[in-house]
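**Q** Attaching a single structure in structure tokens format; questions to follow.
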Amino acid sequence: MDKKKERVLIVHNYYQIPGGEDTVVANDKRLLEDHGHIVALYTRNNSELKGKGIIRRLFSLFASFFSVKTYRDVRRIIKEQRIDIVHVHNTLCLISPSVYYAALSMNTPVVQTIHNFRLLCPGGAFYRDGHICEDCVADGLGCAVRHRCYRSSRLQTIACVICTRLHRAAGIYGKINYICLTEFNKEKLLNLKQIQEKNVFVKANFTKTINEIIPYDKRQKQYIFAGRLDKLKGIDILLRAWKLLAGEGPKLIICGTGPMESWCKEFIEENKINAEMRGLVTNTEVRKLIGESKALILPTQWYEGFPMVIVEAYSAGTPVICSDMGNAGSVVIEGETGWKYPYDSPEALSSLIKEERSIEIQSIIKHYENNYTENSSYLKTKNIYECITANG
């Protein structure tokens with residue numbers, strides 16, 4: 001007999017600018033419903049703040065510490081729909097941590113998916129002024145105020161810091177469960193001492209295979225970069241590596257736009273680099289190009305969240321060449337799904353390209369099927385839910 005299908009309340013606060021978290025929420029809801037779960041969705045949108053006067057904005061700022069509306073709404077939904085587990089994605093800023101208190105007051109377990117590092121870093125990224133920064137972990141949250149880490153605003157950063165300190169003091173973060181997208185995420189999260197390792201699970205996002213797998217020897221002699229054109233993504237490291245190939249390197253296809261777009265065009269032209277800039281390209285076309293290429297290159301200079309482009313490469317049997325840092329580096333298995341190099345070294349990246357290494361496509365596909373398909377994702381989610389509900 002099948003075990004009980006949990007009734008799930010998914011909670012998500014949309015930012016004013018849509019992002020990858022929104023896609024994850026939609027995918028998770030559909031996946032659970034496809035497997036017979038009853039799923040309720042509670043959302044707020046920060047666009048509600050648009051056009052409000054100063055008094056209303058100040059009220060919203062205080063509501064980000066604790067929202068009475070969220071607290072009442074979540075309690076009502078849990079009671080009316082007999083919710084077994086509350087799955088939270090984002091609380092900033094209208095939903096607030098009040099969702100945790102509401103669920104626990106109804107004896108309903110909570111799991112929070114960690115999409116960024118905000119519980120430890122008010123800026124959410126462990127990155128400032130062009131470099132990795134973990135000062136708030138080592139020396140306290142006051143570092144964020146000094147550097148205005150949230151939206152470059154001292155006032156808004158102070159608000160974030162006060163909110164985090166208040167809820168840490170209340171011990172709420174030690175009373176809920178967590179899903180981290182990578183082991184690297186988990187390692188960082190456990191720096192918050194009140195969180196116990198037994199309450200932290202690891203489950204990656206998933207994607208579908210959308211194209212036929214092309215044998216490695218039938219692929220174009222090309223490599224692909226897909227992402228924002230800025231220093232954070234390492235586009236300058238990538239092009240400097242291609243410059244070192246002195247015109248003898250394979251073709252580099254660059255998909256994306258960003259603040260360094262003009263610089264990229266000039267650098268390619270001045271140094272006669274074998275690269276083609278495609279501009280803004282649809283996800284479908286990017287995935288087609290990835291499947292035709294020898295490798296995807298991800299020269300990121302920060303920890304990243306969870307780079308879906310890596311999983312999309314794996315679904316096509318395409319290896320990934322990645323800077324050896326953060327979440328991206330933790331997702332690439334050296335010699336099995338790709339290769340890594342020191343993040344700030346164009347020379348090391350250039351050497352990797354010159355070596356023209358190859359990997360058995362089947363090892364990449366097997367890794368993808370075990371970790372990043374809809375079915376594997378659901379089985380892991382179901383197991384996490386059962387562990388959480390069993391432990392109360």
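In the structure tokens, each chain is lettered A, B, ... as it comes, each chain's residues begin at 1, and ligands are numbered from 1 in order of appearance.
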Give me the residues within 10 Å of Tyr14 (chain A) as a list of chain:residue names, counting only C-alpha atoms and dropping any in the same chain fewer than 4 places off.
**A**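 Returned residues: A:Pro18, A:Gly19, A:Glu21, A:Asp22, A:Thr43, A:Arg44, A:Asn45, A:Asn46, A:Ser47, A:His89, A:Asn90, A:Thr91, A:Leu92, A:Cys93, A:Leu94, A:Ile95.
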**Q** Residues near Ser262 (chain A), anyone? I mean within 10 Å using only C-alpha atoms, not counting same-chain ones fewer than 5 positions away, as a PDB file with all heavy atoms, in the first residue's frame.
**A**
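Saved result, result_39.pdb, follows:
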```
ATOM      1  N   LEU A 229      26.835  38.897 -18.927  1.00  0.00           N
ATOM      2  CA  LEU A 229      28.175  39.345 -19.282  1.00  0.00           C
ATOM      3  C   LEU A 229      28.657  40.381 -18.270  1.00  0.00           C
ATOM      4  O   LEU A 229      28.506  41.588 -18.448  1.00  0.00           O
ATOM      5  CB  LEU A 229      28.184  39.938 -20.701  1.00  0.00           C
ATOM      6  CG  LEU A 229      27.628  39.031 -21.811  1.00  0.00           C
ATOM      7  CD1 LEU A 229      27.787  39.696 -23.170  1.00  0.00           C
ATOM      8  CD2 LEU A 229      28.314  37.679 -21.799  1.00  0.00           C
ATOM      9  N   THR A 257      23.684  38.823 -22.416  1.00  0.00           N
ATOM     10  CA  THR A 257      23.931  40.261 -22.463  1.00  0.00           C
ATOM     11  C   THR A 257      24.332  40.711 -21.063  1.00  0.00           C
ATOM     12  O   THR A 257      24.263  39.933 -20.108  1.00  0.00           O
ATOM     13  CB  THR A 257      22.678  41.040 -22.908  1.00  0.00           C
ATOM     14  OG1 THR A 257      21.620  40.787 -21.961  1.00  0.00           O
ATOM     15  CG2 THR A 257      22.227  40.607 -24.293  1.00  0.00           C
ATOM     16  N   PHE A 267      37.165  43.516 -27.060  1.00  0.00           N
ATOM     17  CA  PHE A 267      38.264  42.606 -26.715  1.00  0.00           C
ATOM     18  C   PHE A 267      38.389  41.501 -27.765  1.00  0.00           C
ATOM     19  O   PHE A 267      39.508  41.145 -28.169  1.00  0.00           O
ATOM     20  CB  PHE A 267      38.011  41.997 -25.334  1.00  0.00           C
ATOM     21  CG  PHE A 267      39.191  41.271 -24.759  1.00  0.00           C
ATOM     22  CD1 PHE A 267      40.144  41.952 -24.013  1.00  0.00           C
ATOM     23  CD2 PHE A 267      39.361  39.901 -24.951  1.00  0.00           C
ATOM     24  CE1 PHE A 267      41.235  41.286 -23.472  1.00  0.00           C
ATOM     25  CE2 PHE A 267      40.448  39.226 -24.416  1.00  0.00           C
ATOM     26  CZ  PHE A 267      41.391  39.919 -23.672  1.00  0.00           C
TER      27      PHE A 267
END
```
**Q** Identify, on the basis of only C-alpha atoms, every residue whose closest approach to Cys121 (chain A) does not exceed 12 Å; exclude the query and any residue fewer than 3 positions from it along the same chain; express the result as a PyMOL selection string.
**A** chain A and resi 116-118+124-128+132-145+147-150+157+160-161+164-165+188-189+191-192
**Q** Find the residue from A:Ile388, A:Ile214, A:Val25, A:Leu244 that sits nearest to Asp84 (chain A); use only C-alpha atoms when measuring.
**A** A:Ile388
**Q** Point out the residue among A:Thr318, A:Gln156, A:Thr182, A:Thr284 with the least atom-to-atom distance to Gln222 (chain A), counting only C-alpha atoms.
**A**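 So, comparing all the options, the nearest one is A:Thr318.
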**Q** Kindly indicate which residue among A:Tyr178, A:Tyr368, A:Tyr385, A:Trp242 lies nearest to Ile353 (chain A), using only C-alpha atoms for the distances.
**A**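 Ranking A:Tyr178, A:Tyr368, A:Tyr385, A:Trp242 by distance to Ile353 (chain A), first place goes to A:Trp242.
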**Q** What lies within 12 Å of region 376-382 of chain A using only C-alpha atoms, ignoring chain neighbours under 6 positions off, as number ranges by chain?
**A** A: 2-8, 24, 27-37, 85, 87, 111, 113, 178-181, 201-208, 366-370, 388-389
**Q** Using only C-alpha atoms, which of the listed residues (A:Gln194, A:Ser323, A:Thr282, A:Asn13) sits closest to Tyr303 (chain A)?
**A** A:Ser323
